[in-house]
Amino acid sequence: MPDTAALAQAILAHHADTFAGFTPEPVPAPTSQGPTYLAALQACSALGFIAHDAECLARAWQARAQRTGVMDAAHWPDEPRDFGLQPTPRVRQFAPCPERLGLYAVLPDAAWVGRMARAGVPTVQLRFKSDDSEAIAREVRAAVQAVQDTGALLFINDHWRTAIDAGAYGIHLGQEDLDALSADELQTLHRSGLRLGVSTHGYAEMVRADAVGPSYVAMGAVFPTTLKKMATAPQGVGRLGVYARLMRHYPQVAIGGISAEQFPQVLTTGVGSVAVVRALVNAPDPESSADKLMALMR
């Protein structure tokens, strides 16, 4: 019988530097007694992965060991089938979007959407916060109109029914919004032809997103952000890199607290898009900032 503690230490020895800076998490109650699973569960918890992500990783490590006959501590799991992701071509799949969405501007209203679309930003998202359904409908329609003849791809955050009615390019949903959809609502969204982007904050959420076959996967928050209260700690570039390898068959958007200075290290992970908010909205000259960020993307 392999020594579980020794296997866990071997994983840590190979990967501690990649995931440095995270506080160890309590080891969750195991759901299997296989030595590879138990070792990976302990090691991933020690590396700071929260319970449902440590469980997801441990099951992937076990699946790979069973598939290959080898417990390879040096190779971090990144094979989609070991995580139970859909094989390609996917049975469930929303309409496709470009593999590389480029600079992705997340913007508070239609005026900003139009401004950044005219500045040449290739992908824009309207994140309009209101409890007034009429105001939401007006803003979404105005945003759709604002991108006409610019070439920009417009995603609407949250308001998917309004996005369908207004003829937007796509919709972006968080995990909670995705989980709140009934089967019939998800089917309605799929039949609409809108592209679907989904936020993820770790392995378990990436697996959940894959089940519906979104058009792209957003991964973050990469760095600390003050724009919204995050349920998970900033993921960091090390985690972003392994996420990008696992989700390599999807267009990927890195998001969360990313400044111009951090673009080079984020782009080394292979993601095809970087989302920004403050780097444009708070810039003294947003158009000039957009030009600089797009140059960094190139």
# chains A, B, ... in the order shown; residues from 1 in each chain; ligands from 1
call {"tool": "select_by_dssp", "arguments": {"residues": "segment 191-277 of chain A", "states": "strand (DSSP E or B)", "output": "MDAnalysis selection string"}}
result
chainID A and resid 195:200 216:220 252:255 273:276
call {"tool": "write_last_selection", "arguments": {"atoms": "N, CA, C and O atoms", "output": "mmCIF file, in the first residue's frame"}}
result
data_model
loop_
_atom_site.group_PDB
_atom_site.id
_atom_site.type_symbol
_atom_site.label_atom_id
_atom_site.label_comp_id
_atom_site.auth_asym_id
_atom_site.auth_seq_id
_atom_site.Cartn_x
_atom_site.Cartn_y
_atom_site.Cartn_z
ATOM 1 N N ARG A 195 -24.439 34.117 -27.377
ATOM 2 C CA ARG A 195 -23.249 33.505 -26.800
ATOM 3 C C ARG A 195 -23.325 33.633 -25.285
ATOM 4 O O ARG A 195 -23.852 34.618 -24.767
ATOM 5 N N LEU A 196 -22.778 32.655 -24.597
ATOM 6 C CA LEU A 196 -22.824 32.646 -23.139
ATOM 7 C C LEU A 196 -21.422 32.625 -22.559
ATOM 8 O O LEU A 196 -20.629 31.730 -22.866
ATOM 9 N N GLY A 197 -21.113 33.619 -21.722
ATOM 10 C CA GLY A 197 -19.896 33.605 -20.933
ATOM 11 C C GLY A 197 -20.245 33.340 -19.486
ATOM 12 O O GLY A 197 -21.267 33.812 -18.997
ATOM 13 N N VAL A 198 -19.406 32.590 -18.792
ATOM 14 C CA VAL A 198 -19.678 32.211 -17.402
ATOM 15 C C VAL A 198 -18.466 32.521 -16.535
ATOM 16 O O VAL A 198 -17.334 32.185 -16.897
ATOM 17 N N SER A 199 -18.706 33.148 -15.393
ATOM 18 C CA SER A 199 -17.644 33.402 -14.416
ATOM 19 C C SER A 199 -17.318 32.130 -13.652
ATOM 20 O O SER A 199 -18.209 31.364 -13.269
ATOM 21 N N THR A 200 -16.026 31.903 -13.412
ATOM 22 C CA THR A 200 -15.595 30.792 -12.569
ATOM 23 C C THR A 200 -14.513 31.285 -11.620
ATOM 24 O O THR A 200 -13.778 32.221 -11.927
ATOM 25 N N TYR A 216 -17.561 31.020 -23.729
ATOM 26 C CA TYR A 216 -16.247 31.288 -23.145
ATOM 27 C C TYR A 216 -16.327 31.128 -21.644
ATOM 28 O O TYR A 216 -17.415 31.116 -21.054
ATOM 29 N N VAL A 217 -15.161 30.984 -21.032
ATOM 30 C CA VAL A 217 -15.063 30.845 -19.580
ATOM 31 C C VAL A 217 -14.215 31.994 -19.045
ATOM 32 O O VAL A 217 -13.099 32.227 -19.520
ATOM 33 N N ALA A 218 -14.766 32.726 -18.081
ATOM 34 C CA ALA A 218 -14.008 33.777 -17.395
ATOM 35 C C ALA A 218 -13.433 33.204 -16.112
ATOM 36 O O ALA A 218 -14.130 32.478 -15.381
ATOM 37 N N MET A 219 -12.175 33.528 -15.810
ATOM 38 C CA MET A 219 -11.477 32.941 -14.667
ATOM 39 C C MET A 219 -10.888 34.044 -13.804
ATOM 40 O O MET A 219 -10.178 34.923 -14.302
ATOM 41 N N GLY A 220 -11.184 34.003 -12.515
ATOM 42 C CA GLY A 220 -10.676 35.039 -11.621
ATOM 43 C C GLY A 220 -11.283 34.883 -10.231
ATOM 44 O O GLY A 220 -11.818 33.827 -9.916
ATOM 45 N N GLN A 252 -10.913 31.855 -23.300
ATOM 46 C CA GLN A 252 -10.734 32.150 -21.876
ATOM 47 C C GLN A 252 -10.553 33.640 -21.659
ATOM 48 O O GLN A 252 -9.846 34.305 -22.419
ATOM 49 N N VAL A 253 -11.173 34.140 -20.587
ATOM 50 C CA VAL A 253 -11.056 35.544 -20.209
ATOM 51 C C VAL A 253 -10.517 35.608 -18.785
ATOM 52 O O VAL A 253 -11.119 35.048 -17.862
ATOM 53 N N ALA A 254 -9.378 36.248 -18.599
ATOM 54 C CA ALA A 254 -8.853 36.502 -17.252
ATOM 55 C C ALA A 254 -9.465 37.802 -16.742
ATOM 56 O O ALA A 254 -9.542 38.789 -17.475
ATOM 57 N N ILE A 255 -9.906 37.805 -15.487
ATOM 58 C CA ILE A 255 -10.597 38.977 -14.962
ATOM 59 C C ILE A 255 -10.259 39.167 -13.488
ATOM 60 O O ILE A 255 -9.963 38.203 -12.776
ATOM 61 N N SER A 273 -7.891 36.562 -23.675
ATOM 62 C CA SER A 273 -8.599 37.808 -23.390
ATOM 63 C C SER A 273 -8.307 38.237 -21.964
ATOM 64 O O SER A 273 -8.155 37.392 -21.066
ATOM 65 N N VAL A 274 -8.238 39.554 -21.766
ATOM 66 C CA VAL A 274 -8.077 40.123 -20.423
ATOM 67 C C VAL A 274 -9.172 41.154 -20.225
ATOM 68 O O VAL A 274 -9.327 42.077 -21.042
ATOM 69 N N ALA A 275 -9.941 40.979 -19.155
ATOM 70 C CA ALA A 275 -11.032 41.902 -18.843
ATOM 71 C C ALA A 275 -10.550 42.965 -17.874
ATOM 72 O O ALA A 275 -9.814 42.672 -16.924
ATOM 73 N N VAL A 276 -10.969 44.199 -18.127
ATOM 74 C CA VAL A 276 -10.601 45.306 -17.256
ATOM 75 C C VAL A 276 -11.825 46.175 -16.997
ATOM 76 O O VAL A 276 -12.741 46.253 -17.812
#
call {"tool": "residues_around", "arguments": {"residues": "Pro26 of chain A", "least_positions_apart": "4", "cutoff": "8 Å", "atoms": "only C-alpha atoms", "output": "count of residues only"}}
result
3
call {"tool": "residues_around", "arguments": {"residues": "segment 147-152 of chain A", "least_positions_apart": "3", "cutoff": "8 Å", "atoms": "only C-alpha atoms", "output": "VMD selection string"}}
result
chain A and resid 113 to 114 117 to 118 120 to 124 143 to 144
call {"tool": "select_by_dssp", "arguments": {"residues": "segment 150-189 of chain A", "states": "alpha helix (DSSP H)", "output": "number ranges by chain"}}
result
A: 160-166, 175-180, 183-189
call {"tool": "closest_residue", "arguments": {"among": "A:Arg245, A:Arg59, A:Arg239, A:Arg67", "to": "Thr18 of chain A", "atoms": "only C-alpha atoms"}}
result
A:Arg239
call {"tool": "residues_around", "arguments": {"residues": "Leu178 of chain A", "least_positions_apart": "5", "cutoff": "12 Å", "atoms": "only C-alpha atoms", "output": "PyMOL selection string"}}
result
chain A and resi 157-160+171-173+183+185-186+189+196-200+205+208-214
call {"tool": "closest_residue", "arguments": {"among": "A:Ala233, A:Val70, A:Leu280, A:Met294", "to": "Ile50 of chain A", "atoms": "only C-alpha atoms"}}
result
A:Ala233
call {"tool": "closest_atom_pairs", "arguments": {"of": "segment 244-279 of chain A", "to": "segment 234-238 of chain A", "cutoff": "10 Å", "atoms": "only C-alpha atoms", "output": "JSON lines"}}
result
{"residue": "A:Ala254", "atom": "CA", "partner": "A:Val237", "partner_atom": "CA", "distance": 9.7}
{"residue": "A:Gly256", "atom": "CA", "partner": "A:Pro234", "partner_atom": "CA", "distance": 8.1}
{"residue": "A:Gly257", "atom": "CA", "partner": "A:Pro234", "partner_atom": "CA", "distance": 9.0}
{"residue": "A:Gln262", "atom": "CA", "partner": "A:Val237", "partner_atom": "CA", "distance": 9.6}
{"residue": "A:Gln265", "atom": "CA", "partner": "A:Val237", "partner_atom": "CA", "distance": 7.3}
{"residue": "A:Val266", "atom": "CA", "partner": "A:Val237", "partner_atom": "CA", "distance": 6.3}
{"residue": "A:Leu267", "atom": "CA", "partner": "A:Val237", "partner_atom": "CA", "distance": 9.5}
{"residue": "A:Thr268", "atom": "CA", "partner": "A:Val237", "partner_atom": "CA", "distance": 9.0}
{"residue": "A:Thr269", "atom": "CA", "partner": "A:Val237", "partner_atom": "CA", "distance": 7.5}
call {"tool": "atom_distance", "arguments": {"atom1": "atom CA of Pro286 of chain A", "atom2": "atom CA of Val222 of chain A"}}
result
22.2 Å
call {"tool": "closest_residue", "arguments": {"among": "A:Leu38, A:Val271, A:Ile258, A:Ala135", "to": "Ala244 of chain A", "atoms": "only C-alpha atoms"}}
result
A:Val271
call {"tool": "atom_distance", "arguments": {"atom1": "atom CA of Arg141 of chain A", "atom2": "atom CA of Arg115 of chain A"}}
result
15.4 Å
call {"tool": "atom_distance", "arguments": {"atom1": "atom CA of Arg248 of chain A", "atom2": "atom CA of Arg90 of chain A"}}
result
13.8 Å
